[in-house]
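Here is model_18.cif, consisting of mmCIF, C-alpha atoms:
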data_upload
loop_
_atom_site.label_atom_id
_atom_site.label_comp_id
_atom_site.auth_asym_id
_atom_site.auth_seq_id
_atom_site.Cartn_x
_atom_site.Cartn_y
_atom_site.Cartn_z
CA MET A 8 -70.32 -72.18 -172.70
CA ARG A 9 -71.50 -74.84 -170.29
CA ILE A 10 -70.95 -77.74 -172.67
CA ALA A 11 -67.64 -79.02 -171.34
CA PRO A 12 -68.81 -79.77 -167.76
CA LEU A 13 -72.02 -81.32 -169.04
CA LEU A 14 -70.10 -83.50 -171.49
CA CYS A 15 -67.76 -84.61 -168.74
CA LEU A 16 -70.69 -85.52 -166.54
CA ALA A 17 -72.51 -87.22 -169.42
CA ALA A 18 -69.43 -89.25 -170.22
CA LEU A 19 -69.17 -90.42 -166.62
CA LEU A 20 -72.82 -91.35 -166.47
CA ALA A 21 -72.67 -93.12 -169.83
CA ALA A 22 -69.65 -95.30 -169.01
CA PRO A 23 -71.12 -98.43 -167.40
CA LEU A 24 -67.85 -99.96 -166.21
CA ALA A 25 -66.36 -96.76 -164.83
CA SER A 26 -69.53 -95.41 -163.20
CA ALA A 27 -71.29 -98.59 -162.13
CA SER A 28 -70.13 -98.18 -158.53
CA TYR A 29 -70.83 -94.43 -158.35
CA SER A 30 -74.03 -92.52 -157.71
CA TYR A 31 -74.28 -89.03 -159.18
CA GLN A 32 -76.63 -86.24 -158.21
CA VAL A 33 -76.96 -82.82 -159.86
CA LYS A 34 -78.52 -79.82 -158.07
CA ASN A 35 -79.32 -76.58 -159.92
CA ARG A 36 -80.02 -73.57 -157.72
CA ARG A 37 -80.21 -69.76 -157.73
CA ILE A 38 -79.13 -67.17 -155.19
CA GLU A 39 -82.26 -65.85 -153.49
CA PRO A 40 -82.77 -62.26 -152.24
CA ARG A 41 -80.78 -61.49 -149.07
CA GLN A 42 -78.96 -64.81 -149.39
CA THR A 43 -75.19 -65.30 -149.36
CA LEU A 44 -73.41 -67.95 -151.39
CA ALA A 45 -72.58 -69.88 -148.24
CA GLY A 46 -76.21 -69.68 -147.15
CA ALA A 47 -77.36 -70.92 -150.56
CA LEU A 48 -74.98 -73.88 -150.35
CA HIS A 49 -76.28 -74.77 -146.90
CA GLU A 50 -79.84 -74.43 -148.25
CA ALA A 51 -78.90 -76.93 -150.97
CA ALA A 52 -78.06 -79.42 -148.18
CA LEU A 53 -74.31 -79.38 -148.82
CA PRO A 54 -72.43 -80.55 -145.67
CA ASP A 55 -70.74 -77.82 -143.62
CA GLU A 56 -67.19 -78.99 -144.38
CA GLN A 57 -67.87 -78.99 -148.13
CA VAL A 58 -69.42 -75.51 -147.95
CA GLU A 59 -66.24 -74.31 -146.24
CA ALA A 60 -64.13 -76.06 -148.90
CA VAL A 61 -65.99 -74.29 -151.74
CA ILE A 62 -65.74 -70.89 -150.07
CA SER A 63 -62.02 -71.40 -149.36
CA ALA A 64 -61.36 -72.48 -152.96
CA LEU A 65 -63.01 -69.32 -154.31
CA GLU A 66 -61.24 -66.88 -151.98
CA GLY A 67 -59.10 -64.58 -154.08
CA VAL A 68 -60.83 -65.84 -157.23
CA PHE A 69 -64.39 -64.59 -156.73
CA ASP A 70 -65.53 -61.39 -154.98
CA PHE A 71 -68.31 -62.65 -152.71
CA ARG A 72 -69.63 -59.09 -152.30
CA LYS A 73 -70.70 -59.21 -155.94
CA SER A 74 -72.89 -62.27 -155.49
CA ARG A 75 -76.44 -61.19 -156.31
CA PRO A 76 -79.98 -62.63 -156.44
CA GLY A 77 -80.61 -64.63 -159.58
CA ASP A 78 -77.04 -65.90 -159.95
CA GLN A 79 -77.12 -69.58 -160.93
CA PHE A 80 -75.01 -72.39 -159.54
CA ARG A 81 -74.81 -76.14 -160.00
CA LEU A 82 -73.57 -78.86 -157.68
CA VAL A 83 -72.46 -82.26 -158.97
CA LEU A 84 -72.23 -84.81 -156.18
CA ARG A 85 -70.59 -88.22 -156.49
CA ASP A 86 -71.67 -90.65 -153.80
CA GLY A 87 -72.93 -87.67 -151.78
CA VAL A 88 -69.58 -85.83 -151.96
CA LEU A 89 -69.15 -82.62 -153.98
CA ASP A 90 -67.25 -83.33 -157.19
CA PHE A 91 -67.89 -80.13 -159.17
CA PHE A 92 -69.31 -76.66 -158.46
CA ASP A 93 -70.23 -74.18 -161.21
CA TYR A 94 -71.29 -70.58 -160.48
CA ARG A 95 -72.67 -68.36 -163.28
CA GLN A 96 -73.49 -64.65 -163.25
CA SER A 97 -73.65 -64.02 -166.99
CA ALA A 98 -72.66 -65.53 -170.30
CA VAL A 99 -69.08 -64.40 -169.74
CA ASP A 100 -68.79 -64.54 -165.95
CA GLU A 101 -68.51 -68.08 -164.63
CA TRP A 102 -66.51 -69.67 -161.83
CA GLN A 103 -65.77 -73.32 -161.03
CA VAL A 104 -64.58 -75.45 -158.16
CA ARG A 105 -63.28 -78.94 -158.98
CA ARG A 106 -62.23 -81.72 -156.68
CA ASP A 107 -58.58 -82.58 -157.14
CA GLY A 108 -57.78 -85.57 -154.94
CA ASP A 109 -58.35 -84.50 -151.35
CA LYS A 110 -58.61 -80.76 -152.09
CA TYR A 111 -60.80 -78.36 -154.04
CA VAL A 112 -59.46 -75.89 -156.59
CA GLY A 113 -61.34 -72.76 -157.66
CA SER A 114 -60.93 -70.84 -160.93
CA LYS A 115 -62.68 -68.36 -163.22
CA ARG A 116 -63.53 -69.78 -166.61
CA THR A 117 -61.94 -68.03 -169.58
CA ILE A 118 -64.60 -67.21 -172.16
CA GLU A 119 -63.49 -66.16 -175.62
CA VAL A 120 -65.49 -63.19 -176.87
CA GLU A 121 -65.26 -61.90 -180.44
CA LYS A 122 -66.34 -58.43 -181.55
CA GLN A 123 -68.11 -58.37 -184.90
CA VAL A 124 -69.63 -55.49 -186.83
CA SER A 125 -72.92 -56.60 -188.34
CA LEU A 126 -75.82 -55.25 -190.33
CA VAL A 127 -79.21 -55.38 -188.64
CA SER A 128 -82.39 -54.74 -190.64
CA LEU A 129 -85.83 -54.41 -189.04
CA GLU A 130 -89.33 -53.77 -190.38
CA ILE A 131 -91.95 -52.67 -187.88
CA SER A 132 -95.39 -54.23 -187.97
CA THR A 133 -96.47 -53.77 -184.35
CA SER A 134 -93.46 -52.66 -182.31
CA LEU A 135 -89.68 -52.41 -182.37
CA TYR A 136 -89.59 -55.32 -179.91
CA GLU A 137 -91.55 -57.61 -182.22
CA ALA A 138 -89.53 -56.42 -185.23
CA ALA A 139 -86.32 -57.45 -183.49
CA LEU A 140 -87.67 -60.92 -182.71
CA ALA A 141 -88.90 -61.34 -186.30
CA ALA A 142 -85.41 -60.48 -187.57
CA GLY A 143 -83.76 -63.02 -185.27
CA GLU A 144 -82.23 -60.28 -183.13
CA ASP A 145 -82.21 -59.84 -179.38
CA PRO A 146 -84.98 -57.37 -178.38
CA SER A 147 -82.34 -55.22 -176.64
CA ILE A 148 -81.40 -53.90 -180.11
CA GLY A 149 -84.55 -51.80 -179.77
CA VAL A 150 -83.13 -50.10 -176.68
CA VAL A 151 -79.86 -49.47 -178.54
CA LEU A 152 -81.67 -47.83 -181.48
CA ALA A 153 -83.92 -45.81 -179.17
CA ASP A 154 -80.78 -44.40 -177.60
CA VAL A 155 -79.27 -43.42 -180.97
CA PHE A 156 -82.44 -41.72 -182.27
CA ALA A 157 -83.55 -40.26 -178.92
CA TRP A 158 -83.37 -36.67 -180.23
CA ASP A 159 -85.67 -37.27 -183.21
CA ILE A 160 -87.90 -40.29 -182.57
CA ASP A 161 -90.17 -41.28 -179.70
CA PHE A 162 -90.40 -45.02 -180.32
CA TYR A 163 -93.83 -45.26 -178.75
CA ARG A 164 -95.57 -42.27 -180.38
CA ASP A 165 -93.75 -41.88 -183.69
CA THR A 166 -93.50 -45.41 -185.10
CA ARG A 167 -95.90 -46.63 -187.80
CA LYS A 168 -96.53 -49.99 -189.42
CA GLY A 169 -94.14 -50.47 -192.30
CA ASP A 170 -91.38 -48.27 -190.84
CA LYS A 171 -87.89 -49.65 -191.46
CA ALA A 172 -84.74 -49.41 -189.37
CA ARG A 173 -81.27 -50.62 -190.13
CA ALA A 174 -78.01 -50.31 -188.28
CA LEU A 175 -74.37 -51.16 -188.50
CA VAL A 176 -73.74 -52.31 -184.95
CA GLU A 177 -71.05 -54.01 -182.88
CA LYS A 178 -71.94 -57.45 -181.56
CA PHE A 179 -70.00 -59.27 -178.88
CA VAL A 180 -70.25 -62.97 -179.68
CA SER A 181 -69.16 -66.13 -177.88
CA LYS A 182 -69.48 -69.53 -179.56
CA GLY A 183 -71.97 -68.16 -182.06
CA ARG A 184 -74.18 -66.55 -179.43
CA VAL A 185 -74.66 -62.77 -179.24
CA LEU A 186 -73.87 -61.72 -175.69
CA ARG A 187 -74.63 -58.03 -176.13
CA TYR A 188 -74.66 -55.16 -178.58
CA GLY A 189 -71.93 -52.53 -178.53
CA GLU A 190 -71.75 -49.20 -180.31
CA VAL A 191 -74.00 -48.37 -183.24
CA LEU A 192 -71.63 -47.12 -185.95
CA ALA A 193 -74.37 -45.95 -188.29
CA ALA A 194 -78.15 -46.17 -188.39
CA ALA A 195 -81.04 -45.24 -190.67
CA TYR A 196 -84.76 -45.01 -189.97
CA GLU A 197 -87.43 -44.64 -192.64
CA GLY A 198 -90.72 -43.68 -191.01
CA GLY A 199 -94.17 -42.81 -192.26
CA LEU A 200 -94.42 -40.02 -189.67
CA VAL A 201 -90.82 -38.94 -188.97
CA GLY A 202 -89.43 -39.35 -192.49
CA THR A 203 -85.87 -40.54 -193.09
CA LYS A 204 -83.24 -40.18 -190.38
CA ARG A 205 -79.59 -41.18 -190.85
CA VAL A 206 -76.86 -40.87 -188.23
CA PHE A 207 -73.17 -41.77 -188.15
CA ARG A 208 -70.91 -42.21 -185.17
CA PHE A 209 -67.69 -40.22 -185.35
CA GLN A 210 -64.94 -39.60 -182.81
CA PRO A 211 -62.71 -36.60 -183.49
CA PRO A 212 -59.13 -36.80 -182.15
CA ASN A 213 -58.98 -36.42 -178.36
CA GLU A 214 -62.73 -35.88 -178.14
CA GLN A 215 -65.79 -37.87 -177.18
CA ALA A 216 -67.61 -39.77 -179.92
CA ASN A 217 -70.97 -38.36 -181.04
CA TYR A 218 -73.57 -38.89 -183.75
CA PHE A 219 -73.80 -36.66 -186.79
CA GLN A 220 -75.94 -36.43 -189.90
CA GLU A 221 -74.49 -37.02 -193.35
CA ASP A 222 -73.54 -33.38 -193.87
CA GLY A 223 -71.70 -33.13 -190.55
CA SER A 224 -74.47 -31.39 -188.63
CA SER A 225 -75.07 -32.80 -185.17
CA ALA A 226 -77.67 -35.50 -184.65
CA ARG A 227 -77.85 -34.33 -181.06
CA LYS A 228 -80.43 -31.73 -180.08
CA THR A 229 -80.44 -29.61 -176.96
CA PHE A 230 -83.47 -31.59 -175.69
CA LEU A 231 -84.57 -35.22 -176.06
CA LYS A 232 -88.05 -36.01 -177.36
CA SER A 233 -88.92 -38.01 -174.24
CA PRO A 234 -87.53 -38.56 -170.72
CA LEU A 235 -88.07 -42.33 -171.17
CA LYS A 236 -86.76 -44.75 -173.78
CA PHE A 237 -90.11 -46.53 -174.07
CA ALA A 238 -93.43 -45.50 -172.51
CA HIS A 239 -96.96 -44.73 -173.64
CA ILE A 240 -98.67 -41.41 -173.01
CA THR A 241 -101.69 -41.77 -170.74
CA SER A 242 -102.55 -38.07 -170.43
CA THR A 243 -101.54 -35.11 -172.58
CA PHE A 244 -100.98 -31.44 -171.83
CA GLY A 245 -104.06 -29.25 -171.33
CA SER A 246 -107.43 -29.29 -169.64
CA ARG A 247 -108.67 -32.66 -168.35
CA PHE A 248 -110.98 -34.28 -165.80
CA HIS A 249 -108.73 -35.05 -162.87
CA PRO A 250 -109.08 -38.76 -161.88
CA VAL A 251 -108.44 -38.10 -158.15
CA LEU A 252 -109.92 -34.64 -157.56
CA GLN A 253 -112.93 -35.41 -159.77
CA TYR A 254 -113.18 -32.04 -161.53
CA VAL A 255 -111.81 -30.42 -164.68
CA LYS A 256 -108.32 -29.08 -164.08
CA ASN A 257 -105.37 -27.92 -166.18
CA HIS A 258 -102.84 -30.69 -166.72
CA ASN A 259 -99.52 -28.89 -166.93
CA GLY A 260 -97.47 -31.73 -168.35
CA VAL A 261 -97.51 -35.13 -169.99
CA ASP A 262 -98.11 -38.44 -168.18
CA TYR A 263 -96.24 -41.55 -169.29
CA GLY A 264 -97.54 -44.91 -168.13
CA THR A 265 -94.55 -47.03 -167.11
CA PRO A 266 -93.71 -49.65 -164.46
CA ILE A 267 -92.24 -48.55 -161.13
CA GLY A 268 -88.46 -48.38 -161.33
CA THR A 269 -88.15 -47.38 -165.00
CA PRO A 270 -85.02 -45.20 -165.48
CA VAL A 271 -85.83 -41.53 -166.14
CA TRP A 272 -83.46 -39.47 -168.33
CA ALA A 273 -82.58 -35.82 -167.97
CA VAL A 274 -83.79 -34.51 -171.33
CA ALA A 275 -81.03 -31.87 -171.41
CA ASP A 276 -77.95 -30.65 -169.58
CA GLY A 277 -78.73 -28.55 -166.53
CA THR A 278 -78.64 -27.94 -162.78
CA VAL A 279 -80.94 -29.63 -160.27
CA THR A 280 -83.19 -27.06 -158.57
CA LYS A 281 -85.40 -29.51 -156.66
CA ALA A 282 -85.05 -33.08 -155.41
CA GLN A 283 -87.65 -33.67 -152.72
CA ASN A 284 -91.13 -34.85 -151.96
CA THR A 285 -93.61 -32.16 -153.00
CA GLY A 286 -96.80 -33.66 -151.57
CA ALA A 287 -99.23 -34.13 -154.45
CA GLY A 288 -96.31 -34.50 -156.89
CA GLY A 289 -94.61 -37.13 -154.73
CA ASN A 290 -90.87 -37.45 -155.11
CA THR A 291 -89.91 -34.75 -157.60
CA VAL A 292 -86.80 -33.64 -159.49
CA CYS A 293 -86.62 -30.31 -161.31
CA VAL A 294 -83.74 -29.25 -163.56
CA ARG A 295 -82.93 -25.75 -164.82
CA HIS A 296 -81.64 -25.55 -168.40
CA ILE A 297 -80.45 -22.79 -170.73
CA ASN A 298 -82.73 -20.16 -172.32
CA GLY A 299 -85.15 -19.98 -169.39
CA LEU A 300 -86.24 -23.63 -169.65
CA GLU A 301 -86.93 -25.92 -166.70
CA THR A 302 -88.12 -29.53 -166.59
CA CYS A 303 -89.77 -31.40 -163.71
CA TYR A 304 -90.24 -35.13 -163.17
CA LEU A 305 -92.92 -36.21 -160.66
CA HIS A 306 -94.23 -39.28 -158.76
CA LEU A 307 -90.75 -40.86 -158.68
CA SER A 308 -89.87 -43.96 -156.66
CA LYS A 309 -86.29 -42.83 -155.97
CA TYR A 310 -83.62 -40.42 -157.14
CA GLY A 311 -80.58 -41.21 -159.25
CA ALA A 312 -77.09 -41.42 -157.79
CA GLY A 313 -75.69 -38.02 -156.86
CA VAL A 314 -78.88 -36.14 -157.76
CA ARG A 315 -79.34 -33.31 -155.26
CA VAL A 316 -80.07 -29.60 -155.35
CA GLY A 317 -77.21 -27.79 -157.06
CA SER A 318 -75.76 -30.84 -158.80
CA ARG A 319 -75.07 -30.73 -162.54
CA VAL A 320 -76.71 -33.35 -164.72
CA SER A 321 -76.10 -34.18 -168.35
CA GLN A 322 -78.47 -35.16 -171.14
CA LYS A 323 -79.38 -38.88 -171.00
CA GLN A 324 -78.16 -39.16 -167.40
CA VAL A 325 -80.49 -41.30 -165.26
CA ILE A 326 -81.67 -38.79 -162.68
CA ALA A 327 -84.48 -40.85 -161.12
CA TYR A 328 -86.74 -43.88 -161.39
CA SER A 329 -90.47 -43.75 -162.09
CA GLY A 330 -92.90 -44.53 -159.31
CA ASN A 331 -96.35 -44.01 -157.84
CA THR A 332 -95.76 -41.47 -155.07
CA GLY A 333 -97.93 -38.48 -154.21
CA ARG A 334 -101.39 -37.91 -155.66
CA SER A 335 -101.31 -40.70 -158.23
CA THR A 336 -103.77 -43.34 -159.40
CA GLY A 337 -101.12 -45.72 -160.73
CA PRO A 338 -97.45 -46.07 -161.70
CA HIS A 339 -96.47 -43.30 -164.12
CA LEU A 340 -94.15 -40.38 -164.76
CA HIS A 341 -95.50 -36.83 -164.94
CA PHE A 342 -93.17 -34.74 -167.08
CA ALA A 343 -93.52 -30.95 -167.16
CA LEU A 344 -91.70 -28.21 -169.07
CA LYS A 345 -91.56 -24.51 -168.19
CA ARG A 346 -90.37 -21.68 -170.41
CA ASN A 347 -89.65 -18.46 -168.45
CA GLY A 348 -91.75 -19.76 -165.58
CA GLN A 349 -94.81 -20.70 -167.66
CA PHE A 350 -95.86 -24.28 -168.38
CA VAL A 351 -95.71 -25.23 -172.07
CA ASN A 352 -96.57 -28.41 -173.95
CA PRO A 353 -93.43 -30.61 -174.11
CA LEU A 354 -94.75 -32.46 -177.17
CA THR A 355 -94.98 -29.42 -179.43
CA GLN A 356 -91.61 -27.76 -178.78
CA LYS A 357 -88.91 -27.42 -181.44
CA TYR A 358 -85.33 -27.58 -180.25
CA PRO A 359 -82.12 -26.60 -182.08
CA ARG A 360 -79.36 -29.07 -182.81
CA ALA A 361 -75.98 -28.95 -181.11
CA GLU A 362 -72.95 -27.47 -182.83
CA PRO A 363 -71.90 -29.11 -186.12
CA LEU A 364 -68.45 -30.55 -186.69
CA PRO A 365 -65.69 -27.96 -187.14
CA LYS A 366 -64.73 -27.47 -190.78
CA ALA A 367 -61.26 -28.91 -190.14
CA GLN A 368 -62.78 -32.26 -189.11
CA LEU A 369 -65.37 -32.38 -191.88
CA PRO A 370 -63.26 -34.15 -194.58
CA ASP A 371 -62.42 -37.06 -192.25
CA PHE A 372 -66.05 -37.36 -191.20
CA LEU A 373 -67.43 -37.25 -194.74
CA ALA A 374 -65.06 -40.01 -195.84
CA ARG A 375 -66.07 -42.15 -192.86
CA ALA A 376 -69.78 -41.46 -193.34
CA LYS A 377 -69.58 -42.39 -197.03
CA GLU A 378 -68.01 -45.74 -196.15
CA LEU A 379 -70.63 -46.49 -193.49
CA ALA A 380 -73.51 -45.30 -195.69
CA SER A 381 -72.54 -47.73 -198.45
CA GLN A 382 -72.82 -50.60 -195.96
CA LEU A 383 -76.19 -49.36 -194.67
CA ASP A 384 -77.55 -48.97 -198.20
CA SER A 385 -76.47 -52.47 -199.20
CA VAL A 386 -79.22 -53.80 -196.93
CA SER A 387 -82.03 -51.88 -198.59
CA MET A 388 -80.65 -52.44 -202.10
CA ALA A 389 -80.59 -56.20 -201.52
CA ALA A 390 -84.17 -56.08 -200.26
CA VAL A 391 -85.31 -54.11 -203.30
CA ALA A 392 -83.60 -56.57 -205.62
CA GLY A 393 -85.31 -59.46 -203.85
CA THR A 394 -82.02 -61.10 -202.90
CA PRO A 395 -80.89 -62.01 -199.42
CA GLY A 396 -79.06 -59.20 -197.67
CA PRO A 397 -76.17 -59.68 -195.27
CA GLY A 398 -77.20 -61.96 -192.42
CA PRO A 399 -77.13 -60.95 -188.78
CA GLN A 400 -73.57 -62.25 -188.45
CA ALA A 401 -72.20 -60.74 -191.66
CA ALA A 402 -69.15 -59.01 -190.26
CA ALA A 403 -67.86 -55.78 -191.69
CA ALA A 404 -64.40 -54.41 -191.12
CA THR A 405 -63.96 -53.50 -187.50
CA PRO A 406 -63.06 -49.84 -187.20
#

Whole structure given in structure tokens:
Amino acid sequence: MRIAPLLCLAALLAAPLASASYSYQVKNRRIEPRQTLAGALHEAALPDEQVEAVISALEGVFDFRKSRPGDQFRLVLRDGVLDFFDYRQSAVDEWQVRRDGDKYVGSKRTIEVEKQVSLVSLEISTSLYEAALAAGEDPSIGVVLADVFAWDIDFYRDTRKGDKARALVEKFVSKGRVLRYGEVLAAAYEGGLVGTKRVFRFQPPNEQANYFQEDGSSARKTFLKSPLKFAHITSTFGSRFHPVLQYVKNHNGVDYGTPIGTPVWAVADGTVTKAQNTGAGGNTVCVRHINGLETCYLHLSKYGAGVRVGSRVSQKQVIAYSGNTGRSTGPHLHFALKRNGQFVNPLTQKYPRAEPLPKAQLPDFLARAKELASQLDSVSMAAVAGTPGPGPQAAAATP
């Protein structure tokens, strides 16, 4: 993505006759917290008039309000005068300013992105993260799979060595590099504890896409298994020795150890009944659900956008961020579940699945699921036969 400017610069530096009388300097910088682009350019010792020239060239091309800490930029100076400016926010968001005679011209680079549908196969030895690295995949594929199986698998508690996961997933690729993963079209998980799970993405006409099992029953349950994608349990439900109060006390929930700022999901659709600091519980959100169920999330660092008493929230909506507020010995999330006003153990509850597909839509789904299943199974069949399966870039037909 950044090859062309580097090649141009390399060519200039490598041409002895053309560049003998020129002196080139390259400065690589990042936008620091609370720093504007103009401020960063001044910090890089670019003269005032050249800073103004860069800003003027980018007006109408780049929204300066979207400049953020960590953005990278590069200055190429020829004999102390700016020759080229390159500003990069992501693999597909890059802007340039080039000197054209006595003026500077700004533009946004056009990056070609191709969508592929690929087969990903993972075998877990220690964690989903390590399995992704071992398979040559970006670790973010673990987050994608955790999202798909959130109703059936807690990827911290339920995974075992030797578990296998495979998925037919969209990849957005530029110049051979995977920029990000898109939708998971189908996925299978074979676990020593959870057994075999298979889900298929299907979008009925004029409806939102959802995941279903092979027979058309919903993969979605009324409640998620965990309010976090990844976190380890530090304290379970029941009687325990309280680390702050120093005596045995009932622990009416489950504690998840997780860094401050980790997104917290609503485990089910519902209405917010509490969003305030509760003293010992710190910043707290409680949500009322159907069938007399209520969930509470404690010790939060901050609330999610639009989360207030009376607001409706949906399953998997980020309602808050974990923290260390209230009576807490370290960053964690305390998650509690009430049934008809009484605390119950969140880890032992059984929840029903959502409504299955209507019978009228079942034939279309079954045909689609059969097609996707054959592509998923080709991975395991190849592994059993001892022959190489489809590589990470083996594209299937884009739906």

Hits from the PyMOL selection byres ((chain A and resi 205) around 6), listed as a ChimeraX atom specification: /A:194-195,204,206

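Picture a line from CA of Leu383 (chain A) to CA of Glu130 (chain A); it runs 14.5 Å.
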
Apply the PyMOL selection byres ((chain A and resi 310) around 7) to the file shown and report the selected residues as a PyMOL selection string. chain A and resi 309+311-312+314+326-328

Apply the PyMOL selection byres ((chain A and resi 341-350) around 8) to the structure shown and report the selected residues as a list of chain:residue names. A:Pro234, A:Asn259, A:Gly260, A:Val261, A:Asp262, A:Tyr263, A:Gly299, A:Leu300, A:Glu301, A:Thr302, A:Cys303, A:Tyr304, A:Leu305, A:His306, A:His339, A:Leu340, A:Val351, A:Asn352, A:Pro353

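Nearest to Lys171 (chain A) of all the residues A:Ala142, A:Leu231, A:Leu129, A:Val155 is A:Leu129, based on only C-alpha atoms.
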
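Distance annotation: of A:His296, A:Leu364, A:Gly288, A:Glu59, the residue with the minimal separation from Thr332 (chain A) is A:Gly288; atom set is only C-alpha atoms.
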
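Distance check against Glu56 (chain A) using only C-alpha atoms: of A:Val185, A:Ile38, A:Ala380, A:Leu89, the minimum falls on A:Leu89.
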